[in-house]
Amino acid sequence: MLDKNYDGKNIEKKWQSYWHKEEIFNFNLEKGGKIYVVDTPPPFTSGSLHMGHVMDFTWIDFVQRYKRMRGFNVYCPQGFDCHGLPTELKVEHEFKISKEDTEAFIEKCKEWTVQCVERMRRQMTDIGYFPDWSKIYLTMKPEYIKLIQETLIDFYKKGYLYREKHPILWCPRCMTALAKAEVGYEEREGMLYFIKIPLDDGKEHVEIATTRPELLPSCVGVFFNPKDPRYEKFKGKNAILPIFGRKVPILSDDGVDMSFGTGVVYCCTYGDEQDIFWQKKYNLEIITSLTDDGKIKAGKNYDGLSIKEARKAISSELKDLGFLIKEEKISHRVLLHVERGSCKSPIELLPMEQYFIKVRDYKNHLIENGKKIDWYPDYMYDRFYDWTDSMDWDWIISRQRVFGTPVPFWKCEDCDALIPAKKEWLPVDPRFDLPKEKCKCGSNNFIGESDVCDCWIDSSVTPLAISMYNKDEDFFSKTYPSSLRPQGYEIIRTWFFYTLLRCNFITGKNPWNETLIHGMVAGPDGRKMSKSLGNVIEPDEPLGKYCADALRQWALLASKGEDFPFTWKEIEHGSRFLTKLWNVSRFIEMNLSDSRLENISFDSLTISDRWILSKLTNLIKISRKELDDYSFAFVLKEIRTFLWHEVADNYIEIVKYRLYNDIKKEEALFTLKTLLRNILGLISPYTPHITEEIYNELFAYEGIKSIHLTEYPSFDFYDKESFDKGEILKEITASIRRYKSENKIPLNAPLDGTIIYTERNLEGTNEDISQSMNISKLEIKNGKPDIDETILEVVPKYEVIGPKFGKDVQKIKRLLVENISEIEKNENITVEVFELSRNYIERVEREFSKQGKKINVIKDKNFIIEIL
């Protein structure tokens with residue numbers, strides 16, 4: 001027998017242990033059913049989940065449970081993205097191990113990462129997330145690094161990967177190259193400096209406007225727009241840079257914005273991407289005046305100054321020399337390292353040798369491949385298209401870090417040849433390992449590559465890793481491509497884009513058939529979670545107060561592709577639903593004892609039984625259709641409403657008398673048992689723990705190890721006539737209960753008599769109405785009664801009509817009063833230019849009379865009840 005109260009915490013631990021021990025969710029390639037593969041996101045090993053992870057992994061867990069119940073052979077592995085700068089910072093600053101001691105540093109990074117993985121696995125389990133843990137992968141493991149290096153060597157041989165000196169996106173604070181997806185523009189306050197630059201004839205000068213006077217030492221040209229008549233006279237002349245005295249050409253180009261500043265700018269190598277374009281187009285000199293740690297190298301006593309210090313010093317000297325005309329405060333877009341919220345440092349463009357993967361030449365191919373994937377929601381394809389179409393940089397894949405997948409190349413000291421590792425040598429770390437054969441030039445002198453890979457290089461082959469690419473051909477052929485890629489919209493431009501690129505280059509096929517995109521989790525105030533705003537909620541907080549099944553319901557109320565706020569109210573509502581489900585299940589179990597229901601036929605069921613089972617059938621059909629479309633939120637609301645209001649508030653209240661008085665008791669119990677079994681199946685992917693407990697208590701005789709291995713409900717019974725009658729029966733009994741409550745009459749107190757007037761068919765419902773409502777004498781009459789009605793007051797919902805109608809509120813109130821009968825009949829009507837709705841009305845106070853005597857009446861659009 002189910003306990004009186006639901007002990008969620010202990011029950012969840014019990015079933016989590018059971019699922020793990022019994023390997024309920026382990027994948028078996030040879031098991032029957034169409035294979036369904038989830039390319040799960042490998043979270044970075046930070047050591048703790050955040051609320052975004054909770055939503056993400058709850059969605060994934062729902063999908064894998066639902067698809068398994070729909071007959072699929074589900075493969076849902078899980079990995080962890082181990083490499084990253086935060087781990088390096090942790091080891092360097094907290095454990096005080098220097099990067100110079102490379103081997104010790106890497107070992108400590110690995111040790112810390114293993115600890116993080118274990119903590120995160122426990123947290124995943126706490127929310128009921130159960131992938132196939134026997135297929136776990138870590139991107140720092142040798143077999144995974146081997147796969148990455150193998151693909152890079154393959155890319156190099158096919159011409160997709162190359163090494164080149166080129167201006168790259170560089171973060172001076174993190175001291176590493178960055179991909180374009182790791183940077184972004186933010187609006188910031190700054191200064192615009194107007195500088196006078198003399199011409200080499202010593203007679204004239206040109207005025208330029210710049211936000212970065214500190215780049216003056218690397219200026220290689222002055223530009224104006226050829227359509228700007230103000231500066232046509234300067235074309236072909238030269239200017240002399242103040243302070244540095246260097247001669248630079250004055251050129252014209254359509255890329256100059258005539259409305260910005262003075263309409264004249266200078267080109268520095270490099271201030272922005274426009275400078276790169278101009279330098280290449282006009283074959284200008286390359287002068288680097290910044291070091292990789294963000295210091296100036298320009299002579300003139302500026303060497304070693306930070307960027308901010310140099311900006312102040314150079315602008316001050318320009319002012320002293322009479323070349324600084326003025327300064328203006330402006331708000332402008334600044335390129336920052338946005339991938340790491342703790343950095344947000346301005347990005348510099350520095351010419352360096354780096355490794356690249358070609359992207360620009362293939363972006364149209366990627367756009368076409370992206371169209372072949374089914375997107376949920378479909379408008380998220382537009383994000384992918386916009387990002388891909390705007391791609392004007394190849395992917396910089398090398399990083400100047402220590403803990404990462406080593407770039408598998410050496411350079412020959414004698415002939416400068418780039419030497420890739422051979423596949424049989426993998427995995428290799430050129431920082432410590434040497435090639436196992438001589439260079440083609442005969443040399444044995446090599447310089448090992450010290451760079452490691454961008455972490456997206458690791459995670460962009462997850463569909464290959466989980467399908468055992470180049471390890472098990474049979475397994476790969478049956479599990480690639482993956483069925484689904486679930487992820488957030490914020491990494492469409494990184495994880496999605498890079499995976500689509502890499503897997504297509506490697507296999508010639510898209511890595512997935514579908515992608516399911518979720519939004520970001522906002523704080524309770526609707527704003528992005530931020531420690532500075534004080535609105536961050538850590539998962540341990542709600543899990544400390546509520547059980548996982550309550551938290552999961554909150555996560556599954558989020559809509560596809562949309563941001564979703566954390567709300568305590570929703571979790572509390574979810575918790576109360578669990579209590580209701582438990583109480584309903586316990587009520588049914590207590591009444592089921594010793595009942596024989598094997599021989600019950602549908603023909604013997606009453607109208608109320610057939611009504612609720614018809615509604616159950618509708619719910620099942622809707623659930624299947626919407627969940628196949630990944631519409632979790634809609635179905636959850638429908639299931640909760642069905643159990644709470646249709647089953648508990650109405651059907652059970654209608655049939656209680658049958659259970660207590662042995663009136664068609666077995667038919668009622670058969671219906672209740674059918675309802676519960678199907679509701680458990682419908683809600684189990686949302687609330688896996690409580691449903692497992694109830695299922696094993698009441699339905700263990702089915703002989704299946706877990707409800708999550710049973711078939712998703714397919715119950716199909718529909719009786720249109722009983723459905724229609726049942727809807728009116730429900731409204732009549734609910735209105736009588738409401739009448740008793742409003743008049744402070746106990747719900748089980750008898751009513752001497754009632755007359756129900758209706759034009760609807762209620763044949764066969766008399767007993768349910770009279771017995772469930774305790775009515776001594778019940779009459780049901782066809783037609784309308786001879787009753788007089790007086791409207792005393794129509795009370796609007798001012799909180800609704802106020803914001804909607806503003807100054808017309810009083811007019812709306814008058815129209816509601818004048819048209820109340822039509823509104824109640826039709827729900828929505830249009831009067832004059834206003835649409836009036838029943839939802840605008842708080843309550844209607846009425847008075848009824850018959851032959852001059854006041855009477856008690858319940859009025860509905862489908863019936864009128866006279867209380868005798």
# chains A, B, ... in the order shown; residues from 1 in each chain; ligands from 1
>>> closest_atom_pairs(of="range 529-626 of chain A", to="range 359-382 of chain A", cutoff="10 Å", atoms="only C-alpha atoms", output="JSON lines")
{"residue": "A:Ser559", "atom": "CA", "partner": "A:Pro377", "partner_atom": "CA", "distance": 9.2}
{"residue": "A:Lys560", "atom": "CA", "partner": "A:Pro377", "partner_atom": "CA", "distance": 5.9}
{"residue": "A:Gly561", "atom": "CA", "partner": "A:Pro377", "partner_atom": "CA", "distance": 6.3}
{"residue": "A:Glu562", "atom": "CA", "partner": "A:Pro377", "partner_atom": "CA", "distance": 9.4}
>>> residues_around(residues="range 9-13 of chain A", least_positions_apart="2", cutoff="9 Å", atoms="only C-alpha atoms", output="PyMOL selection string")
chain A and resi 6-7+15-18+126+128+546-549+688-690+693
>>> residues_around(residues="Arg677 in chain A", least_positions_apart="4", cutoff="8 Å", atoms="only C-alpha atoms", output="ChimeraX atom specification")
/A:673,681,695,699
>>> residues_around(residues="Asn618 in chain A", least_positions_apart="5", cutoff="9 Å", atoms="only C-alpha atoms", output="list in words")
Leu613, Ser623, Asp716 and Tyr718 of chain A
>>> residues_around(residues="Cys455 in chain A", least_positions_apart="6", cutoff="9 Å", atoms="only C-alpha atoms", output="ChimeraX atom specification")
/A:81-84,397,399,404-405
>>> write_last_selection(atoms="all heavy atoms", output="PDB file, in the first residue's frame")
ATOM      1  N   ASP A  81      33.193  17.809 -21.743  1.00  0.00           N
ATOM      2  CA  ASP A  81      34.156  18.647 -22.446  1.00  0.00           C
ATOM      3  C   ASP A  81      35.207  19.106 -21.424  1.00  0.00           C
ATOM      4  O   ASP A  81      34.937  19.976 -20.603  1.00  0.00           O
ATOM      5  CB  ASP A  81      33.408  19.838 -23.054  1.00  0.00           C
ATOM      6  CG  ASP A  81      34.236  20.566 -24.091  1.00  0.00           C
ATOM      7  OD1 ASP A  81      35.371  20.147 -24.342  1.00  0.00           O
ATOM      8  OD2 ASP A  81      33.748  21.572 -24.635  1.00  0.00           O
ATOM      9  N   CYS A  82      36.375  18.509 -21.476  1.00  0.00           N
ATOM     10  CA  CYS A  82      37.328  18.651 -20.367  1.00  0.00           C
ATOM     11  C   CYS A  82      38.281  19.834 -20.488  1.00  0.00           C
ATOM     12  O   CYS A  82      38.709  20.401 -19.482  1.00  0.00           O
ATOM     13  CB  CYS A  82      38.155  17.374 -20.240  1.00  0.00           C
ATOM     14  SG  CYS A  82      37.159  15.884 -20.036  1.00  0.00           S
ATOM     15  N   HIS A  83      38.669  20.170 -21.703  1.00  0.00           N
ATOM     16  CA  HIS A  83      39.702  21.189 -21.889  1.00  0.00           C
ATOM     17  C   HIS A  83      39.109  22.587 -21.842  1.00  0.00           C
ATOM     18  O   HIS A  83      38.019  22.826 -22.332  1.00  0.00           O
ATOM     19  CB  HIS A  83      40.409  20.986 -23.234  1.00  0.00           C
ATOM     20  CG  HIS A  83      41.076  19.656 -23.357  1.00  0.00           C
ATOM     21  ND1 HIS A  83      40.915  18.841 -24.462  1.00  0.00           N
ATOM     22  CD2 HIS A  83      41.899  18.988 -22.520  1.00  0.00           C
ATOM     23  CE1 HIS A  83      41.625  17.742 -24.302  1.00  0.00           C
ATOM     24  NE2 HIS A  83      42.229  17.802 -23.124  1.00  0.00           N
ATOM     25  N   GLY A  84      39.857  23.501 -21.278  1.00  0.00           N
ATOM     26  CA  GLY A  84      39.379  24.880 -21.252  1.00  0.00           C
ATOM     27  C   GLY A  84      40.195  25.755 -20.329  1.00  0.00           C
ATOM     28  O   GLY A  84      40.815  25.279 -19.364  1.00  0.00           O
ATOM     29  N   ILE A 397      41.997  27.520 -35.231  1.00  0.00           N
ATOM     30  CA  ILE A 397      41.780  26.375 -34.347  1.00  0.00           C
ATOM     31  C   ILE A 397      42.882  26.183 -33.312  1.00  0.00           C
ATOM     32  O   ILE A 397      42.753  25.353 -32.414  1.00  0.00           O
ATOM     33  CB  ILE A 397      41.620  25.073 -35.153  1.00  0.00           C
ATOM     34  CG1 ILE A 397      42.940  24.712 -35.839  1.00  0.00           C
ATOM     35  CG2 ILE A 397      40.477  25.180 -36.149  1.00  0.00           C
ATOM     36  CD1 ILE A 397      43.022  23.263 -36.257  1.00  0.00           C
ATOM     37  N   ARG A 399      45.325  27.270 -30.130  1.00  0.00           N
ATOM     38  CA  ARG A 399      45.231  28.095 -28.925  1.00  0.00           C
ATOM     39  C   ARG A 399      46.552  28.018 -28.163  1.00  0.00           C
ATOM     40  O   ARG A 399      47.178  26.959 -28.082  1.00  0.00           O
ATOM     41  CB  ARG A 399      44.086  27.611 -28.009  1.00  0.00           C
ATOM     42  CG  ARG A 399      42.699  27.753 -28.619  1.00  0.00           C
ATOM     43  CD  ARG A 399      42.302  29.211 -28.779  1.00  0.00           C
ATOM     44  NE  ARG A 399      40.966  29.354 -29.334  1.00  0.00           N
ATOM     45  CZ  ARG A 399      40.687  29.398 -30.629  1.00  0.00           C
ATOM     46  NH1 ARG A 399      41.673  29.291 -31.503  1.00  0.00           N
ATOM     47  NH2 ARG A 399      39.457  29.537 -31.047  1.00  0.00           N
ATOM     48  N   GLY A 404      44.943  20.890 -23.348  1.00  0.00           N
ATOM     49  CA  GLY A 404      44.080  20.764 -24.511  1.00  0.00           C
ATOM     50  C   GLY A 404      44.586  19.655 -25.406  1.00  0.00           C
ATOM     51  O   GLY A 404      45.628  19.040 -25.146  1.00  0.00           O
ATOM     52  N   THR A 405      43.838  19.386 -26.457  1.00  0.00           N
ATOM     53  CA  THR A 405      44.279  18.387 -27.426  1.00  0.00           C
ATOM     54  C   THR A 405      45.475  18.933 -28.191  1.00  0.00           C
ATOM     55  O   THR A 405      45.370  19.969 -28.855  1.00  0.00           O
ATOM     56  CB  THR A 405      43.142  18.048 -28.409  1.00  0.00           C
ATOM     57  OG1 THR A 405      42.059  17.450 -27.692  1.00  0.00           O
ATOM     58  CG2 THR A 405      43.627  17.087 -29.490  1.00  0.00           C
TER      59      THR A 405
END
>>> select_by_dssp(residues="range 345-491 of chain A", states="strand (DSSP E or B)", output="PyMOL selection string")
chain A and resi 346+348-357+374-376+395-396+398-399+406+409-412+418-420+446-448+452-453+482-488
>>> closest_residue(among="A:Pro86, A:Gly190, A:Gly52, A:Gly47", to="Glu118 in chain A", atoms="only C-alpha atoms")
A:Gly47
>>> select_by_dssp(residues="range 624-684 of chain A", states="alpha helix (DSSP H)", output="ChimeraX atom specification")
/A:624-628,632-641,652-661,665-683
>>> residues_around(residues="Glu793 in chain A", least_positions_apart="4", cutoff="9 Å", atoms="only C-alpha atoms", output="mmCIF file with all heavy atoms, in the first residue's frame")
data_model
loop_
_atom_site.group_PDB
_atom_site.id
_atom_site.type_symbol
_atom_site.label_atom_id
_atom_site.label_comp_id
_atom_site.auth_asym_id
_atom_site.auth_seq_id
_atom_site.Cartn_x
_atom_site.Cartn_y
_atom_site.Cartn_z
ATOM 1 N N VAL A 817 -22.500 45.492 -19.317
ATOM 2 C CA VAL A 817 -23.795 45.395 -18.638
ATOM 3 C C VAL A 817 -24.916 45.232 -19.660
ATOM 4 O O VAL A 817 -25.792 44.370 -19.531
ATOM 5 C CB VAL A 817 -24.037 46.644 -17.757
ATOM 6 C CG1 VAL A 817 -25.462 46.635 -17.192
ATOM 7 C CG2 VAL A 817 -23.019 46.699 -16.636
ATOM 8 N N ARG A 843 -17.548 38.782 -12.135
ATOM 9 C CA ARG A 843 -18.750 38.046 -11.705
ATOM 10 C C ARG A 843 -19.991 38.829 -12.116
ATOM 11 O O ARG A 843 -19.933 40.033 -12.395
ATOM 12 C CB ARG A 843 -18.749 37.815 -10.190
ATOM 13 C CG ARG A 843 -18.898 39.063 -9.368
ATOM 14 C CD ARG A 843 -18.866 38.756 -7.871
ATOM 15 N NE ARG A 843 -19.157 39.942 -7.076
ATOM 16 C CZ ARG A 843 -18.276 40.881 -6.777
ATOM 17 N NH1 ARG A 843 -17.015 40.759 -7.206
ATOM 18 N NH2 ARG A 843 -18.625 41.928 -6.050
ATOM 19 N N VAL A 844 -21.088 38.095 -12.162
ATOM 20 C CA VAL A 844 -22.394 38.704 -12.447
ATOM 21 C C VAL A 844 -23.319 38.379 -11.280
ATOM 22 O O VAL A 844 -23.514 37.201 -10.947
ATOM 23 C CB VAL A 844 -22.989 38.172 -13.765
ATOM 24 C CG1 VAL A 844 -24.360 38.817 -14.019
ATOM 25 C CG2 VAL A 844 -22.043 38.431 -14.929
ATOM 26 N N GLU A 845 -23.859 39.401 -10.650
ATOM 27 C CA GLU A 845 -24.806 39.204 -9.542
ATOM 28 C C GLU A 845 -26.221 39.320 -10.084
ATOM 29 O O GLU A 845 -26.579 40.295 -10.748
ATOM 30 C CB GLU A 845 -24.558 40.242 -8.444
ATOM 31 C CG GLU A 845 -23.180 40.074 -7.790
ATOM 32 C CD GLU A 845 -22.963 41.039 -6.641
ATOM 33 O OE1 GLU A 845 -23.926 41.756 -6.292
ATOM 34 O OE2 GLU A 845 -21.851 41.074 -6.111
ATOM 35 N N ARG A 846 -27.015 38.256 -9.812
ATOM 36 C CA ARG A 846 -28.363 38.159 -10.359
ATOM 37 C C ARG A 846 -29.389 37.911 -9.256
ATOM 38 O O ARG A 846 -29.043 37.460 -8.154
ATOM 39 C CB ARG A 846 -28.463 37.000 -11.357
ATOM 40 C CG ARG A 846 -27.584 37.089 -12.577
ATOM 41 C CD ARG A 846 -27.779 35.835 -13.413
ATOM 42 N NE ARG A 846 -27.187 35.942 -14.730
ATOM 43 C CZ ARG A 846 -25.946 35.632 -15.024
ATOM 44 N NH1 ARG A 846 -25.136 35.197 -14.063
ATOM 45 N NH2 ARG A 846 -25.492 35.757 -16.250
#
>>> residues_around(residues="Arg838 in chain A", least_positions_apart="2", cutoff="7 Å", atoms="only C-alpha atoms", output="list in words")
Ile823, Glu824, Glu827, Asn828, Tyr840 and Ile841 of chain A
>>> atom_distance(atom1="CA of Leu464 in chain A", atom2="CA of Tyr480 in chain A")
7.4 Å
>>> closest_residue(among="A:Thr515, A:Ser289, A:Thr151, A:Thr710", to="Ser306 in chain A", atoms="only C-alpha atoms")
A:Ser289
